[in-house]
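Only one structure is covered here, and it is reproduced in the block below.
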Amino acid sequence: MTELERKQERAPVPSAWTYAPAPEARDIVTLREQYGHFVGGEWLEPKETYTTISPATEEPLAEVGQATPEEVAAAVDAARAAYDNGWSEIAPSERAKYLFRIARILQERSREFAVLESLNGGKPIKESRDVDLPLSAAHFFYYAGWADKLEYAFPNQRPRPLGVAGQIIPWNFPLLMLAWKIAPALAAGNTVVLKPAETTPLSALLFCDVLRQAELPPGVVNIVTGDGRTGAEIVKSDGVDKVAFTGSTDVGKAIQRELAGSGKKLTLELGGKAANIIFDDAALDQAVEGIINGIYFNQGHVCCAGSRLLVQESIYEPVVDKLKRRLTTLRVGDPLDKNTDVGAINSKQQLEKIQQLVASGAEEGAEIYQPPCRLPEKGYWFAPTVFTNVAQSYRIAQEEIFGPVLSILTFRTPEEAVEKANNTPYGLSAGVWTEKGSRILWMAERLRAGVVWANTYNRFDPSSPFGGYKESGFGREGGRHGLEPYLRLT
Ligand code: NAI
Ligand code: MG
């Protein structure tokens with residue numbers, strides 16, 4: 001036995017791992033005190049402002065504009081002018097060059113963007129670093145590749161741009177949703193007015209810096225900030241030819257009503273209440289990882305989150321045991337700490353919604369489990385939560401919680417799993433865990449969901465179309481399909 005081996009033999013086996021803090025340095029991000037609206041390539045001094053904060057600490061980060069109707073009109077005019085004065089006519093291979101440049105700059109500046117995204121939105125740095133940023137850059141790369149190949153994507157259909165796209169995005173993946181919206185719009189030859197969500201404007205504002213660095217012609221992309229009132233102005237603007245919205249089903253319905261009969265094109269990507277379905281022949285430890293990733297990724301602020309777990313009755317107990325044990329290892333806290341698994345809830349408003357729905361679950365008779373964990377005193381936090389003993393009629397089994405809360409139901413047969421999975425007004429995504437390839441295909445055929453993941457969950461790729469059925473919306477983003485809403489095909 002060597003000296004080292006003797007030492008190791010005497011060393012106590014740790015009963016619990018403790019982690020030293022491992023914060024990502026914040027100083028890579030330089031914030032301005034105040035941001036205006038990015039219109040026609042210039043910063044427009046905002047008439048009204050509000051303060052954007054860090055949801056993890058409630059500290060103010062910057063003053064940003066609340067765009068007025070006049071400011072929205074200026075942005076739409078700038079987008080129209082850029083469209084008419086060249087952008088729609090330049091060689092598609094030139095458009096591609098700008099998109100490639102944007103993609104490369106995002107890669108180069110990815111640490112800066114990741115830190116800012118976690119600071120302003122509360123998501124763990126390991127997710128913004130490893131998911132949001134690489135995927136955002138990948139979307140620009142992917143659509144850059146299509147820009148000069150549109151006639152191959154749509155043979156014999158003469159693809160033409162629509163004009164000005166008005167785009168309204170949510171707060172759960174601020175930069176990634178911006179990439180999902182802007183990349184296909186520009187590749188297709190449109191110009192853009194985009195509004196980030198009111199709680200997470202900063203990465204979109206930093207992105208304006210990338211646009212300048214890429215020397216994108218002024219007015220091709222305009223960014224205005226503000227809340228729903230600003231969004232509503234974009235929707236009803238006469239200068240907008242196409243509206244793309246990601247957010248709540250209620251606002252999506254309101255937008256659809258507003259646009260009915262206007263001739264404007266519309267795509268809606270709304271909520272979900274996805275079933276993650278575990279069969280008794282699944283690899284259970286992998287399935288448990290998939291359940292965790294499905295609902296606790298990004299604090300459950302994910303439209304396609306696997307928020308309803310359907311477990312085959314015969315494996316109910318081992319799955320719930322393993323899941324609860326795994327829950328105790330999740331680290332909740334500082335979004336900028338590299339070891340954090342679950343960060344801050346994005347806003348006070350969202351925290352209140354989660355608290356309300358969780359209270360309703362307990363009242364209606366479900367059994368709640370939360371692992372022991374100490375939540376920071378300041379900021380907005382919610383412990384990872386599992387509900388067992390859930391009936392299909394409970395609100396926690398019906399409504400989108402958009403938080404780290406899982407409702408567990410059981411089933412006996414594949415037919416019953418399909419029926420329960422489809423028993424929702426939504427239809428965005430689903431997960432199936434089984435060893436049998438034939439069963440995966442059988443299930444995928446019957447699940448009314450835009451995306452069905454097999455033995456994995458929350459996997460994204462720019463080449464894969466994403467979108468919903470029923471109240472989850474219509475239109476697809478990603479892939480060749482994602483170009484279609486931005487084109488006129490004749
Ligand atoms: P929301 O739908 O109000 O906000 C999303 C975006 O729409 C934001 O940019 C907002 O400023 C804008 N907006 C709000 N009202 C508008 C209007 N009348 N016209 C045009 N734009 C408008 O969503 P909110 O209130 O932040 O979250 C409420 C719930 O919606 C969440 O708890 C969650 O269940 C769901 N949601 C779903 C998302 C998804 O990815 N599908 C994203 C965000 C929220
Ligand atoms: Mg709202």
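Following the order of the structure tokens, first chain is A, next is B, and so on, with residues numbered from 1 inside each chain and ligands from 1 in the order they appear.
Near ligand 2, at distances of 10 Å or less and with only C-alpha atoms and all ligand atoms counted, sit the residues Pro170, Ala197, Glu198, Asp227, Gly228, Gly247, Ser248, Thr249, Asp250, Val251, Gln349 and Gln350 of chain A.
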For Glu477 of chain A, please output as a PDB file with N, CA and C atoms, in the first residue's frame all residues within 9 Å (counting only C-alpha atoms; exclusion window: fewer than 6 positions along the same chain).
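After the write, around.pdb holds the following:
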```
ATOM      1  N   TRP A 180     -34.719  33.093 -32.527  1.00  0.00           N
ATOM      2  CA  TRP A 180     -35.762  32.343 -33.238  1.00  0.00           C
ATOM      3  C   TRP A 180     -36.586  33.257 -34.139  1.00  0.00           C
ATOM      4  N   LYS A 181     -36.763  34.511 -33.680  1.00  0.00           N
ATOM      5  CA  LYS A 181     -37.605  35.436 -34.438  1.00  0.00           C
ATOM      6  C   LYS A 181     -36.791  36.147 -35.534  1.00  0.00           C
ATOM      7  N   PRO A 184     -34.813  33.886 -38.971  1.00  0.00           N
ATOM      8  CA  PRO A 184     -35.567  33.528 -40.182  1.00  0.00           C
ATOM      9  C   PRO A 184     -36.150  34.752 -40.892  1.00  0.00           C
ATOM     10  N   THR A 267     -48.151  34.265 -36.533  1.00  0.00           N
ATOM     11  CA  THR A 267     -47.789  32.987 -35.912  1.00  0.00           C
ATOM     12  C   THR A 267     -47.833  33.172 -34.400  1.00  0.00           C
ATOM     13  N   GLU A 269     -46.946  31.234 -30.703  1.00  0.00           N
ATOM     14  CA  GLU A 269     -46.369  30.117 -29.950  1.00  0.00           C
ATOM     15  C   GLU A 269     -46.733  30.361 -28.499  1.00  0.00           C
ATOM     16  N   PRO A 462     -31.773  23.933 -34.244  1.00  0.00           N
ATOM     17  CA  PRO A 462     -32.348  24.904 -35.181  1.00  0.00           C
ATOM     18  C   PRO A 462     -32.957  24.278 -36.430  1.00  0.00           C
ATOM     19  N   SER A 464     -34.834  21.715 -36.527  1.00  0.00           N
ATOM     20  CA  SER A 464     -36.045  20.957 -36.204  1.00  0.00           C
ATOM     21  C   SER A 464     -37.216  21.902 -35.936  1.00  0.00           C
ATOM     22  N   PRO A 465     -38.330  21.755 -36.674  1.00  0.00           N
ATOM     23  CA  PRO A 465     -39.461  22.666 -36.465  1.00  0.00           C
ATOM     24  C   PRO A 465     -40.103  22.483 -35.095  1.00  0.00           C
ATOM     25  N   PHE A 466     -40.586  23.589 -34.531  1.00  0.00           N
ATOM     26  CA  PHE A 466     -41.155  23.605 -33.188  1.00  0.00           C
ATOM     27  C   PHE A 466     -42.435  24.418 -33.227  1.00  0.00           C
ATOM     28  N   GLY A 467     -43.491  23.918 -32.593  1.00  0.00           N
ATOM     29  CA  GLY A 467     -44.742  24.668 -32.554  1.00  0.00           C
ATOM     30  C   GLY A 467     -45.860  23.772 -32.095  1.00  0.00           C
ATOM     31  N   LEU A 483     -39.134  29.213 -42.058  1.00  0.00           N
ATOM     32  CA  LEU A 483     -39.003  30.284 -43.050  1.00  0.00           C
ATOM     33  C   LEU A 483     -40.366  30.686 -43.607  1.00  0.00           C
ATOM     34  N   PRO A 485     -43.446  31.268 -42.555  1.00  0.00           N
ATOM     35  CA  PRO A 485     -44.244  32.398 -42.081  1.00  0.00           C
ATOM     36  C   PRO A 485     -43.684  33.762 -42.476  1.00  0.00           C
TER      37      PRO A 485
END
```
Subject >> atom CA of Gly65 of chain A to atom CA of Arg109 of chain A, distance in Å rounded to a single decimal >> reply: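 According to the coordinates, atom CA of Gly65 of chain A and atom CA of Arg109 of chain A are separated by 24.4 Å.
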**OP:** Extract the full set of strand (DSSP E) residues from segment 187-396 of chain A according to DSSP on the backbone, and format it as a ChimeraX atom specification.
**Re:** /A:191-195,221-223,242-246,265-269,275-278,308-312,367-369,385-388
Would you output that residue set with C-alpha atoms, as a compact mmCIF listing (two decimals), in the first residue's frame?
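Output (result14.txt):
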```txt
# COMPACT_ATOMS: atom_id res chain seq x y z
CA THR A 191 -37.01 43.87 -41.72
CA VAL A 192 -37.94 43.73 -38.05
CA VAL A 193 -39.37 45.59 -35.09
CA LEU A 194 -38.88 43.44 -32.00
CA LYS A 195 -40.01 43.95 -28.43
CA VAL A 221 -33.60 45.46 -37.02
CA ASN A 222 -35.23 47.85 -34.57
CA ILE A 223 -35.68 47.09 -30.89
CA LYS A 242 -46.53 40.06 -40.16
CA VAL A 243 -46.82 39.48 -36.42
CA ALA A 244 -44.92 36.77 -34.57
CA PHE A 245 -45.76 36.27 -30.91
CA THR A 246 -44.53 33.95 -28.16
CA LYS A 265 -49.79 37.09 -41.32
CA LEU A 266 -49.65 35.71 -37.79
CA THR A 267 -47.79 32.99 -35.91
CA LEU A 268 -48.49 32.21 -32.26
CA GLU A 269 -46.37 30.12 -29.95
CA ALA A 275 -47.10 14.92 -20.60
CA ASN A 276 -43.83 13.16 -19.94
CA ILE A 277 -44.78 9.47 -20.15
CA ILE A 278 -42.70 6.75 -18.47
CA ARG A 308 -47.42 16.37 -16.13
CA LEU A 309 -45.59 13.17 -15.37
CA LEU A 310 -47.50 10.05 -16.44
CA VAL A 311 -45.98 6.98 -14.82
CA GLN A 312 -47.06 3.42 -15.57
CA GLU A 367 -49.84 15.61 -1.75
CA ILE A 368 -46.91 18.02 -1.93
CA TYR A 369 -43.21 17.18 -1.65
CA THR A 385 -41.91 20.79 -6.04
CA VAL A 386 -43.57 17.46 -6.77
CA PHE A 387 -47.27 16.72 -6.39
CA THR A 388 -48.48 13.14 -6.05
```
Subject >> Contacts of Ala22 of chain A within 7 Å, only C-alpha atoms, excl. fewer than 4 positions in-chain, as a list in words >> reply: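 Near neighbours after the sequence-gap exclusion: Asp337, Lys338 and Asn339 of chain A.
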Subject >> Counting only C-alpha atoms, the option among A:Pro55, A:Pro196, A:Pro159, A:Gly333 closest to Leu119 of chain A >> reply: A:Pro55
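For the set A:Gly231, A:Cys373, A:Val288, A:Gly482, the residue with the smallest atom-to-atom gap to ligand 1 is A:Gly231, counting only C-alpha atoms and all ligand atoms.
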**OP:** Could you tell me, as a ChimeraX atom specification, which residues of segment 131-318 of chain A DSSP assigns to helix (DSSP H, G or I) when given the backbone?
**Re:** /A:131-146,150-153,174-187,202-213,228-236,249-259,284-300,313-318
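Residues lying within 12 Å of Gln355 of chain A, counting only C-alpha atoms and ignoring same-chain neighbours fewer than 5 positions away, are Ile345, Lys348, Gln349, Gln350, Ser360, Gly361, Ala362, Tyr380, Trp381, Phe382, Ala383, Thr385, Ile396, Ile401, Phe402, Gly403, Pro404 and Val405 of chain A.
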Next, write the just-selected residues to a file, as an mmCIF file, in the first residue's frame, keeping C-alpha atoms as the atom set.
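Below you can see result00.cif, which holds the result:
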```
data_model
loop_
_atom_site.group_PDB
_atom_site.id
_atom_site.type_symbol
_atom_site.label_atom_id
_atom_site.label_comp_id
_atom_site.auth_asym_id
_atom_site.auth_seq_id
_atom_site.Cartn_x
_atom_site.Cartn_y
_atom_site.Cartn_z
ATOM 1 C CA ILE A 345 -38.173 32.904 -10.512
ATOM 2 C CA LYS A 348 -42.736 38.732 -8.531
ATOM 3 C CA GLN A 349 -45.811 38.365 -10.719
ATOM 4 C CA GLN A 350 -44.737 34.904 -11.901
ATOM 5 C CA SER A 360 -54.782 25.190 -5.163
ATOM 6 C CA GLY A 361 -53.088 21.806 -5.597
ATOM 7 C CA ALA A 362 -52.814 21.297 -1.845
ATOM 8 C CA TYR A 380 -37.989 35.575 -6.006
ATOM 9 C CA TRP A 381 -37.568 31.891 -5.243
ATOM 10 C CA PHE A 382 -39.553 28.698 -5.310
ATOM 11 C CA ALA A 383 -38.335 25.292 -4.179
ATOM 12 C CA THR A 385 -41.909 20.791 -6.041
ATOM 13 C CA ILE A 396 -52.311 21.716 -11.259
ATOM 14 C CA ILE A 401 -47.869 26.704 -13.903
ATOM 15 C CA PHE A 402 -44.671 27.817 -15.660
ATOM 16 C CA GLY A 403 -42.641 27.075 -12.560
ATOM 17 C CA PRO A 404 -40.608 24.240 -10.973
ATOM 18 C CA VAL A 405 -43.692 22.213 -10.122
#
```
Original post:
What is the atom 5 (C, counted along the ligand's line) of ligand 1-atom CA of Ser237 of chain A distance in Å, reported with one decimal?
Top reply: 17.9 Å
Write out as a CSV table (one decimal) with C-alpha atoms, in the first residue's frame the residues lying within 8 Å of segment 435-438 of chain A, counting only C-alpha atoms and excluding same-chain residues fewer than 6 positions away.
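Final output, out_2.csv:
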```csv
chain,number,residue,atom,x,y,z
A,281,ASP,CA,-39.6,-1.0,-19.6
A,282,ALA,CA,-37.8,2.4,-19.6
A,283,ALA,CA,-34.3,2.8,-18.3
```
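If you look at atom CA of Gly122 of chain A and atom CA of Val342 of chain A, they are 9.1 Å away from each other.
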Subject >> Proximity to His301 of chain A - best of A:Asn85, A:Gln286, A:Asn346, A:Thr2, only C-alpha atoms >> reply: A:Asn346
Original post:
Looking at only C-alpha atoms, which of A:Lys273, A:Lys324, A:Val302, A:Leu357 is the one that sits closest to Tyr426 of chain A?
Top reply: A:Lys273
Subject >> Selection near segment 203-220 of chain A, 8 Å with only C-alpha atoms, sequence-local residues under 4 positions removed, as a list in words >> reply: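 Once the adjacent positions are removed, what remains is Tyr35, Phe38, Val39, Gly40, Gly41, Glu42, Ala75, Ala78, Ala79, Arg80, Ala81, Ala82, Tyr83, Trp87, Tyr98, Arg101, Ile102, Ile105, Leu106, Phe113, Leu116, Glu117, Pro174, Leu175, Leu178, Asn190, Thr191, Val192 and Pro196 of chain A.
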Original post:
Got a sec: who's within 12 Å of Glu415 of chain A, counting only C-alpha atoms, leaving out chain neighbours fewer than 3 positions off, as a count of residues only?
Top reply: 14
Subject >> Option closest in space to ligand 1, from A:Leu133, A:Ala179, A:Ala232, A:Ala20 [counting only C-alpha atoms and all ligand atoms] >> reply: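 Between A:Leu133, A:Ala179, A:Ala232, A:Ala20, the residue approaching ligand 1 most closely is A:Ala232.
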Original post:
For ligand 1, which residue out of A:Glu5, A:Glu258, A:Glu71, A:Glu484 is the nearest one, using only C-alpha atoms and all ligand atoms?
Top reply: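 Between A:Glu5, A:Glu258, A:Glu71, A:Glu484, the residue approaching ligand 1 most closely is A:Glu258.
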